[in-house]
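Below is work23.cif, holding mmCIF, C-alpha atoms and all ligand atoms.
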data_entry
#
loop_
_atom_site.group_PDB
_atom_site.id
_atom_site.type_symbol
_atom_site.label_atom_id
_atom_site.label_comp_id
_atom_site.auth_asym_id
_atom_site.auth_seq_id
_atom_site.Cartn_x
_atom_site.Cartn_y
_atom_site.Cartn_z
ATOM 1 C CA MET A 16 70.389 -100.719 64.333
ATOM 2 C CA ASP A 17 67.850 -103.494 64.615
ATOM 3 C CA VAL A 18 65.631 -104.535 61.733
ATOM 4 C CA THR A 19 62.506 -102.819 63.078
ATOM 5 C CA ASP A 20 64.350 -99.498 63.428
ATOM 6 C CA LEU A 21 65.948 -99.950 60.008
ATOM 7 C CA LEU A 22 62.581 -100.542 58.332
ATOM 8 C CA ARG A 23 61.048 -97.592 60.177
ATOM 9 C CA LEU A 24 63.919 -95.298 59.167
ATOM 10 C CA LEU A 25 63.526 -96.286 55.519
ATOM 11 C CA ALA A 26 59.698 -96.150 55.739
ATOM 12 C CA LEU A 27 59.479 -99.707 54.417
ATOM 13 C CA ASP A 28 56.815 -102.324 54.883
ATOM 14 C CA PRO A 29 58.537 -105.728 55.008
ATOM 15 C CA ALA A 30 55.591 -107.182 53.061
ATOM 16 C CA ASP A 31 56.799 -105.119 50.076
ATOM 17 C CA LEU A 32 60.302 -106.649 50.123
ATOM 18 C CA LYS A 33 61.144 -109.678 48.004
ATOM 19 C CA PRO A 34 61.300 -112.959 49.920
ATOM 20 C CA ALA A 35 64.845 -114.208 50.434
ATOM 21 C CA PRO A 36 66.098 -117.769 50.688
ATOM 22 C CA GLN A 37 66.321 -119.381 54.096
ATOM 23 C CA ARG A 38 70.004 -120.110 53.625
ATOM 24 C CA SER A 39 72.734 -117.531 54.031
ATOM 25 C CA ALA A 40 73.391 -115.459 50.945
ATOM 26 C CA SER A 41 76.833 -115.819 49.455
ATOM 27 C CA GLN A 42 78.724 -113.055 47.691
ATOM 28 C CA GLU A 43 77.782 -114.775 44.451
ATOM 29 C CA ASP A 44 74.081 -114.605 45.411
ATOM 30 C CA SER A 45 74.399 -110.886 46.130
ATOM 31 C CA ALA A 46 76.331 -110.234 42.920
ATOM 32 C CA ALA A 47 73.748 -112.154 40.903
ATOM 33 C CA ARG A 48 70.941 -110.176 42.533
ATOM 34 C CA LEU A 49 72.582 -106.827 41.785
ATOM 35 C CA GLY A 50 73.869 -107.934 38.386
ATOM 36 C CA PRO A 51 73.140 -106.154 35.119
ATOM 37 C CA THR A 52 70.518 -108.588 33.807
ATOM 38 C CA PRO A 53 67.704 -107.913 33.289
ATOM 39 C CA GLY A 54 68.520 -104.478 34.711
ATOM 40 C CA PRO A 55 69.626 -102.788 37.853
ATOM 41 C CA VAL A 56 67.678 -103.759 40.946
ATOM 42 C CA PRO A 57 66.037 -100.626 42.344
ATOM 43 C CA CYS A 58 66.693 -99.423 45.856
ATOM 44 C CA VAL A 59 63.701 -100.509 47.929
ATOM 45 C CA ALA A 60 63.622 -97.119 49.640
ATOM 46 C CA CYS A 61 64.049 -94.598 46.814
ATOM 47 C CA GLY A 62 64.109 -96.457 43.502
ATOM 48 C CA ASP A 63 67.645 -95.487 42.463
ATOM 49 C CA PRO A 64 69.832 -98.378 41.267
ATOM 50 C CA ALA A 65 70.757 -100.561 44.249
ATOM 51 C CA ARG A 66 74.436 -100.885 45.079
ATOM 52 C CA SER A 67 74.141 -103.305 47.981
ATOM 53 C CA THR A 68 71.897 -106.111 49.036
ATOM 54 C CA ARG A 69 71.520 -108.243 52.074
ATOM 55 C CA ILE A 70 68.987 -110.447 53.738
ATOM 56 C CA ILE A 71 67.164 -109.180 56.796
ATOM 57 C CA ASP A 72 65.043 -111.330 59.065
ATOM 58 C CA THR A 73 61.807 -109.454 59.706
ATOM 59 C CA PRO A 74 59.583 -110.300 62.682
ATOM 60 C CA ASP A 75 56.345 -110.970 60.779
ATOM 61 C CA HIS A 76 57.460 -111.619 57.208
ATOM 62 C CA GLY A 77 60.599 -113.691 57.591
ATOM 63 C CA ARG A 78 63.704 -113.308 55.497
ATOM 64 C CA ARG A 79 63.577 -110.530 52.913
ATOM 65 C CA TRP A 80 66.041 -108.955 50.503
ATOM 66 C CA LEU A 81 67.034 -105.397 51.378
ATOM 67 C CA ASP A 82 68.405 -103.759 48.234
ATOM 68 C CA LEU A 83 69.758 -100.269 48.863
ATOM 69 C CA CYS A 84 71.402 -97.539 46.829
ATOM 70 C CA ARG A 85 74.580 -95.929 48.095
ATOM 71 C CA ASP A 86 72.835 -92.971 49.745
ATOM 72 C CA CYS A 87 70.239 -95.088 51.543
ATOM 73 C CA LEU A 88 72.945 -97.502 52.657
ATOM 74 C CA LEU A 89 75.019 -94.652 54.085
ATOM 75 C CA ALA A 90 71.962 -93.074 55.695
ATOM 76 C CA THR A 91 71.334 -96.274 57.619
ATOM 77 C CA ALA A 92 74.923 -97.242 58.378
ATOM 78 C CA ASP A 93 75.657 -97.787 62.009
ATOM 79 C CA ARG A 94 78.034 -94.964 62.792
ATOM 80 C CA ARG A 95 78.616 -95.766 66.403
ATOM 81 C CA ARG A 96 82.257 -95.533 67.118
ATOM 82 C CA PRO A 97 83.990 -97.424 69.837
ATOM 83 C CA THR A 98 84.195 -95.408 73.009
ATOM 84 C CA VAL A 99 87.441 -93.553 73.287
ATOM 85 C CA PRO A 100 89.298 -94.146 76.525
ATOM 86 C CA LEU A 101 89.805 -90.416 77.015
ATOM 87 C CA ALA A 102 91.606 -90.505 80.351
ATOM 88 C CA ALA A 103 94.038 -93.160 79.125
ATOM 89 C CA THR A 104 94.596 -91.280 75.861
ATOM 90 C CA LEU A 105 95.346 -88.033 77.713
ATOM 91 C CA ALA A 106 97.747 -89.837 80.047
ATOM 92 C CA VAL A 107 99.668 -91.239 77.056
ATOM 93 C CA LEU A 108 99.875 -87.773 75.496
ATOM 94 C CA ARG A 109 101.090 -86.235 78.764
ATOM 95 C CA ASP A 110 103.721 -88.945 79.167
ATOM 96 C CA ALA A 111 104.880 -88.520 75.563
ATOM 97 C CA ALA A 112 105.106 -84.748 75.943
ATOM 98 C CA GLU A 113 107.041 -85.100 79.183
ATOM 99 C CA GLU A 114 109.415 -87.625 77.633
ATOM 100 C CA ALA A 115 109.967 -85.316 74.655
ATOM 101 C CA GLY A 116 110.519 -82.360 76.966
ATOM 102 C CA VAL A 117 107.836 -80.260 75.357
ATOM 103 C CA THR A 118 104.791 -78.520 76.640
ATOM 104 C CA VAL A 119 101.570 -79.353 74.874
ATOM 105 C CA ARG A 120 98.136 -77.954 75.202
ATOM 106 C CA ILE A 121 95.431 -80.546 74.615
ATOM 107 C CA LEU A 122 91.979 -79.378 73.637
ATOM 108 C CA VAL A 123 89.118 -81.849 73.900
ATOM 109 C CA ASP A 124 85.732 -81.303 72.347
ATOM 110 C CA PRO A 125 83.582 -81.696 74.351
ATOM 111 C CA PRO A 126 85.688 -81.096 77.472
ATOM 112 C CA PRO A 127 86.011 -84.059 79.845
ATOM 113 C CA GLY A 128 83.000 -84.262 82.125
ATOM 114 C CA ALA A 129 80.809 -82.157 79.825
HETATM 115 ZN ZN ZN A 201 67.917 -95.431 47.953
#
As structure tokens, how would this structure be written, given the file I've shared?
Ligand SMILES: [Zn+2]
Amino acid sequence: MDVTDLLRLLALDPADLKPAPQRSASQEDSAARLGPTPGPVPCVACGDPARSTRIIDTPDHGRRWLDLCRDCLLATADRRRPTVPLAATLAVLRDAAEEAGVTVRILVDPPPGA
């Protein structure tokens, strides 16, 4: 998901996000940002305590901190899975079944070609 889509999904204006340093953020930087003092950093989308932070590079406002709670992080996680080589997978299963001398019935959802 690119930054523009991410901001749109979270209904965020990058001008409202805290400016981030130009350098890469280390794990120590992130831990310090999310640390307990002076208090939990709020999620920029919903206000719950943030559980993750990262720097995003916005088109018009430069580098900004994106502090998200668990739910907002999961809601924006890229869930694309690698494509499954279905034909190759089915061929392996057929070969294994044949080698084992068993008959198997393979159900695919959705069916191949659907
Ligand atoms: Zn949130």
>> Under the PyMOL selection byres (((chain A and resi 19) around 12) and not hetatm), which residues of this model are included? Write them out as a ChimeraX atom specification.
In response: /A:16-18,20-29,71-76
>> Using the chain letters and numbers from this file, what does the PyMOL selection byres (((chain A and resi 64) around 10) and not hetatm) select? Give the answer as a ChimeraX atom specification.
In response: /A:49,54-59,61-63,65-67,82-85
>> For a quick check of understanding, using all atoms listed in the file, which of A:Leu88, A:Glu113, A:Leu108, A:Ile121 has the smallest distance to ligand ZN 201 (chain A)?
In response: A:Leu88
> Pick the closest to ligand ZN 201 (chain A) from A:Leu81, A:Cys87, A:Leu101, A:Ala106: which is it, counting all atoms listed in the file?
Replying inline: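 When distances to ligand ZN 201 (chain A) are compared using all atoms listed in the file, the smallest one comes from A:Cys87.
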> Smallest atom-to-atom distance to ligand ZN 201 (chain A): which of A:Asp86, A:Asp31, A:Glu43, A:Asp110, using all atoms listed in the file?
Replying inline: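 Of all the options, A:Asp86 lies closest to ligand ZN 201 (chain A).
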>> Please compute the atom CA of A:Pro100-atom CA of A:Leu122 distance, one decimal, in Å.
In response: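 Calculated distance between atom CA of A:Pro100 and atom CA of A:Leu122 is 15.3 Å.
Note that atom CA of A:Ala60 and atom CA of A:Ala92 are 14.3 Å apart.
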>> Would you compute the distance between atom CA of A:Gly116 and atom CA of A:Ala103? Give it in Å to one decimal.
In response: 19.8 Å
What lies within 10 Å of A:Arg69 using all atoms listed in the file, ignoring chain neighbours under 6 positions off, as an mmCIF file with C-alpha atoms, in the coordinates of the input?
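Printed below is part_35.cif as written:
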data_model
loop_
_atom_site.group_PDB
_atom_site.id
_atom_site.type_symbol
_atom_site.label_atom_id
_atom_site.label_comp_id
_atom_site.auth_asym_id
_atom_site.auth_seq_id
_atom_site.Cartn_x
_atom_site.Cartn_y
_atom_site.Cartn_z
ATOM 1 C CA ALA A 35 64.845 -114.208 50.434
ATOM 2 C CA SER A 39 72.734 -117.531 54.031
ATOM 3 C CA ALA A 40 73.391 -115.459 50.945
ATOM 4 C CA SER A 41 76.833 -115.819 49.455
ATOM 5 C CA GLN A 42 78.724 -113.055 47.691
ATOM 6 C CA ASP A 44 74.081 -114.605 45.411
ATOM 7 C CA SER A 45 74.399 -110.886 46.130
ATOM 8 C CA ARG A 48 70.941 -110.176 42.533
ATOM 9 C CA ARG A 78 63.704 -113.308 55.497
ATOM 10 C CA ARG A 79 63.577 -110.530 52.913
ATOM 11 C CA TRP A 80 66.041 -108.955 50.503
ATOM 12 C CA LEU A 81 67.034 -105.397 51.378
ATOM 13 C CA ASP A 82 68.405 -103.759 48.234
ATOM 14 C CA LEU A 83 69.758 -100.269 48.863
#
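Closest approach to ligand ZN 201 (chain A) among A:Gly50, A:Val107, A:Arg120, A:Ala90: A:Ala90, based on all atoms listed in the file.
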